[in-house]
Amino acid sequence: MSKFLVLYSSQTGNTKQVAEAIAACLPRETACLPLAEAPNSFAEFDCVFLGFWVDRSKADAKTLEILPRLDAKNVALFMTLGASPASPHAAKCMDETAKLLPPGTVCQGTFICQGKIDPKVIEMMYKMFPPGSPHGQSPERDALHAEAAKHPNPTDLANAQNFANEVLLKL
Ligand SMILES: Cc1cc2nc3c(=O)[nH]c(=O)nc-3n(C[C@H](O)[C@H](O)[C@H](O)COP(=O)(O)O)c2cc1C
C-alpha cells in the first residue's frame, strides 16, 4: 500500500485550504501537516505533496528551509500566490523552487493556485511604492487584487484534486 504525506506552509490559510483538498482525495490515513510538524525523515513515503506560498518572488522561508532535506522518492509541489497562475512570475517561482529539491527526488507534478492577499500587505505596498509603479496603486493592480480575493475558489480546489489524482496515476 502506498504511503503519502501532505505538508504545507501557510500564513493566511490559502495554501492550507489547497492542502486539505488534496489530502481529501488521498488515502484516509494520509496526514496533512503544517511544516512545523514535518517528520525528520521522508524515506517511508512514496510521495510527499508539499504546498507553499510565494513571498517576494520566492517560496516562503520555511519552505526554503525544508526543501534541501525533502528526500522522499517522489514529491509533488503546489503553490499559492497573488498573481495569476498563468503569469511568467508564477512559473518562475515554481521552477526555482523545484530546483531546490535534493538530487534523486523526483518532482512528479506541480500545481499553481491564485490566493487572496492580506489587505494589510496591499495597503503597505501602496504606501511604499508610488502610484503607477509596478507595486504601487494602479487600475491593473487593483484588478489583480480583486481577482486574487476570489481564490482559492471551489474550482481551484477541484483542480487541486485533479492534480493529485494525476500524480497518483504516475506513481
Ligand atoms: C510578505 C508577502 C509577500 C508576497 N509576495 C508575493 C509575490 O512576490 N508574488 C505574488 O504573486 N504574491 C505574493 N504574495 C501573496 C501571497 O503569495 C498569497 O496571498 C498566498 O496565497 C498566501 O498564502 P497563504 O494564505 O497560504 O499564506 C505575498 C504575500 C505576502 C504577505
# chains A, B, ... in the order shown; residues from 1 in each chain; ligands from 1

$ residues_near_ligand --ligand "ligand 1" --cutoff "10 Å" --atoms "only C-alpha atoms and all ligand atoms" --output "PyMOL selection string"
chain A and resi 8-19+51-60+79-85+87+89-90+93+112-122+124-125+135+144-145+148-149+151-152

$ residues_around --residues "Gly104 in chain A" --least-positions-apart "4" --cutoff "9 Å" --atoms "only C-alpha atoms" --output "PDB file with C-alpha atoms, in the first residue's frame"
ATOM      1  CA  ASP A  71      14.481  13.313   0.353  1.00  0.00           C
ATOM      2  CA  ALA A  72      11.263  11.442  -0.435  1.00  0.00           C
ATOM      3  CA  LYS A  73      11.313   9.252  -3.557  1.00  0.00           C
ATOM      4  CA  ASN A  74       8.691  11.463  -5.174  1.00  0.00           C
TER       5      ASN A  74
END

$ closest_residue --among "A:Ser2, A:Thr110, A:Ser138, A:Thr105" --to "Gln161 in chain A" --atoms "only C-alpha atoms"
A:Thr110

$ select_by_dssp --residues "chain A" --states "helix (DSSP H, G or I)" --output "PyMOL selection string"
chain A and resi 14-24+35-37+61-69+88-98+119-128+139-148+154-170

$ select_by_dssp --residues "chain A" --states "strand (DSSP E)" --output "JSON, numbers by chain"
{"A": [4, 5, 6, 7, 8, 31, 32, 33, 34, 47, 48, 49, 50, 51, 52, 53, 54, 55, 58, 59, 74, 75, 76, 77, 78, 79, 80, 81, 106, 107, 108, 109, 110, 111, 112, 113, 114]}

$ write_last_selection --atoms "N, CA, C and O atoms" --output "compact mmCIF listing (two decimals), in the first residue's frame"
# COMPACT_ATOMS: atom_id res chain seq x y z
N PHE A 4 1.49 8.27 1.65
CA PHE A 4 1.61 9.67 1.23
C PHE A 4 1.64 10.60 2.43
O PHE A 4 1.22 10.22 3.53
N LEU A 5 2.12 11.80 2.17
CA LEU A 5 2.10 12.85 3.21
C LEU A 5 1.80 14.17 2.50
O LEU A 5 2.33 14.43 1.42
N VAL A 6 0.95 14.97 3.13
CA VAL A 6 0.73 16.33 2.62
C VAL A 6 1.33 17.29 3.65
O VAL A 6 0.99 17.22 4.84
N LEU A 7 2.24 18.13 3.20
CA LEU A 7 2.87 19.13 4.06
C LEU A 7 2.58 20.50 3.47
O LEU A 7 2.57 20.65 2.25
N TYR A 8 2.41 21.48 4.34
CA TYR A 8 2.14 22.81 3.78
C TYR A 8 2.70 23.91 4.66
O TYR A 8 2.84 23.74 5.88
N ALA A 31 -1.60 11.89 6.45
CA ALA A 31 -1.55 13.07 7.32
C ALA A 31 -1.41 14.33 6.47
O ALA A 31 -0.80 14.32 5.41
N CYS A 32 -2.01 15.40 6.97
CA CYS A 32 -1.92 16.72 6.32
C CYS A 32 -1.38 17.68 7.39
O CYS A 32 -2.11 18.06 8.31
N LEU A 33 -0.10 18.01 7.29
CA LEU A 33 0.57 18.70 8.40
C LEU A 33 1.20 20.03 7.99
O LEU A 33 1.78 20.14 6.90
N PRO A 34 1.18 21.02 8.91
CA PRO A 34 1.96 22.23 8.66
C PRO A 34 3.45 21.89 8.74
O PRO A 34 3.83 20.91 9.41
N CYS A 47 5.21 9.37 -1.87
CA CYS A 47 5.14 10.73 -2.43
C CYS A 47 4.75 11.73 -1.35
O CYS A 47 3.82 11.49 -0.58
N VAL A 48 5.49 12.82 -1.30
CA VAL A 48 5.14 13.92 -0.39
C VAL A 48 4.60 15.07 -1.24
O VAL A 48 5.26 15.51 -2.19
N PHE A 49 3.40 15.51 -0.92
CA PHE A 49 2.81 16.69 -1.56
C PHE A 49 3.20 17.89 -0.69
O PHE A 49 2.83 17.95 0.48
N LEU A 50 3.98 18.82 -1.27
CA LEU A 50 4.44 19.97 -0.49
C LEU A 50 3.82 21.26 -1.03
O LEU A 50 4.00 21.59 -2.20
N GLY A 51 3.14 21.97 -0.16
CA GLY A 51 2.50 23.22 -0.56
C GLY A 51 3.17 24.42 0.09
O GLY A 51 3.53 24.38 1.27
N PHE A 52 3.32 25.50 -0.66
CA PHE A 52 3.98 26.71 -0.13
C PHE A 52 3.31 27.95 -0.72
O PHE A 52 2.52 27.86 -1.65
N TRP A 53 3.66 29.09 -0.16
CA TRP A 53 3.14 30.36 -0.70
C TRP A 53 4.32 31.22 -1.16
O TRP A 53 5.46 31.03 -0.70
N VAL A 54 4.02 32.13 -2.06
CA VAL A 54 5.08 32.96 -2.64
C VAL A 54 5.26 34.22 -1.80
O VAL A 54 4.31 34.97 -1.54
N ASP A 55 6.49 34.41 -1.36
CA ASP A 55 6.86 35.57 -0.55
C ASP A 55 7.97 36.31 -1.30
O ASP A 55 9.08 35.80 -1.41
N LYS A 58 9.72 34.34 -4.15
CA LYS A 58 10.36 33.05 -3.81
C LYS A 58 9.38 32.25 -2.98
O LYS A 58 8.41 32.79 -2.43
N ALA A 59 9.69 30.95 -2.82
CA ALA A 59 8.93 30.17 -1.85
C ALA A 59 9.16 30.80 -0.47
O ALA A 59 10.23 31.37 -0.21
N ASN A 74 9.46 10.59 -4.27
CA ASN A 74 8.69 11.46 -5.17
C ASN A 74 8.10 12.63 -4.39
O ASN A 74 7.70 12.46 -3.24
N VAL A 75 8.03 13.75 -5.08
CA VAL A 75 7.44 14.94 -4.48
C VAL A 75 6.50 15.56 -5.51
O VAL A 75 6.74 15.45 -6.71
N ALA A 76 5.41 16.15 -5.04
CA ALA A 76 4.54 16.95 -5.92
C ALA A 76 4.40 18.31 -5.24
O ALA A 76 4.15 18.37 -4.03
N LEU A 77 4.61 19.36 -6.01
CA LEU A 77 4.63 20.70 -5.42
C LEU A 77 3.36 21.47 -5.77
O LEU A 77 2.92 21.45 -6.93
N PHE A 78 2.79 22.14 -4.78
CA PHE A 78 1.69 23.06 -5.09
C PHE A 78 1.98 24.39 -4.40
O PHE A 78 2.64 24.44 -3.36
N MET A 79 1.47 25.45 -5.01
CA MET A 79 1.87 26.79 -4.57
C MET A 79 0.68 27.74 -4.71
O MET A 79 -0.10 27.61 -5.65
N THR A 80 0.56 28.68 -3.80
CA THR A 80 -0.42 29.76 -4.00
C THR A 80 0.33 31.08 -4.04
O THR A 80 1.38 31.26 -3.41
N LEU A 81 -0.23 32.01 -4.80
CA LEU A 81 0.36 33.35 -4.93
C LEU A 81 -0.72 34.34 -5.34
O LEU A 81 -1.79 33.93 -5.82
N VAL A 106 12.30 12.96 -7.22
CA VAL A 106 11.64 13.26 -8.49
C VAL A 106 10.40 14.12 -8.25
O VAL A 106 9.55 13.77 -7.42
N CYS A 107 10.31 15.23 -8.96
CA CYS A 107 9.09 16.06 -8.87
C CYS A 107 8.08 15.52 -9.88
O CYS A 107 8.29 15.60 -11.09
N GLN A 108 7.00 14.95 -9.36
CA GLN A 108 6.01 14.27 -10.22
C GLN A 108 4.94 15.20 -10.76
O GLN A 108 4.08 14.77 -11.54
N GLY A 109 4.95 16.45 -10.31
CA GLY A 109 3.94 17.37 -10.84
C GLY A 109 3.90 18.64 -10.02
O GLY A 109 4.41 18.69 -8.89
N THR A 110 3.33 19.67 -10.63
CA THR A 110 3.21 20.96 -9.93
C THR A 110 1.80 21.52 -10.16
O THR A 110 1.18 21.25 -11.19
N PHE A 111 1.36 22.29 -9.19
CA PHE A 111 0.03 22.92 -9.30
C PHE A 111 0.14 24.33 -8.73
O PHE A 111 0.66 24.53 -7.63
N ILE A 112 -0.37 25.29 -9.50
CA ILE A 112 -0.31 26.69 -9.06
C ILE A 112 -1.72 27.25 -8.91
O ILE A 112 -2.56 27.07 -9.80
N CYS A 113 -1.95 27.91 -7.80
CA CYS A 113 -3.31 28.42 -7.50
C CYS A 113 -3.20 29.87 -7.05
O CYS A 113 -2.32 30.21 -6.26
N GLN A 114 -4.10 30.69 -7.52
CA GLN A 114 -4.12 32.08 -7.05
C GLN A 114 -4.68 32.12 -5.62
O GLN A 114 -5.49 31.26 -5.24

$ closest_residue --among "A:Glu140, A:Ala21, A:Met1, A:Arg69" --to "Thr155 in chain A" --atoms "only C-alpha atoms"
A:Ala21

$ atom_distance --atom1 "CA of Ala36 in chain A" --atom2 "CA of Leu101 in chain A"
18.4 Å

$ atom_distance --atom1 "CA of Asn165 in chain A" --atom2 "CA of Met94 in chain A"
19.7 Å

$ atom_distance --atom1 "CA of Glu29 in chain A" --atom2 "CA of Thr97 in chain A"
27.8 Å
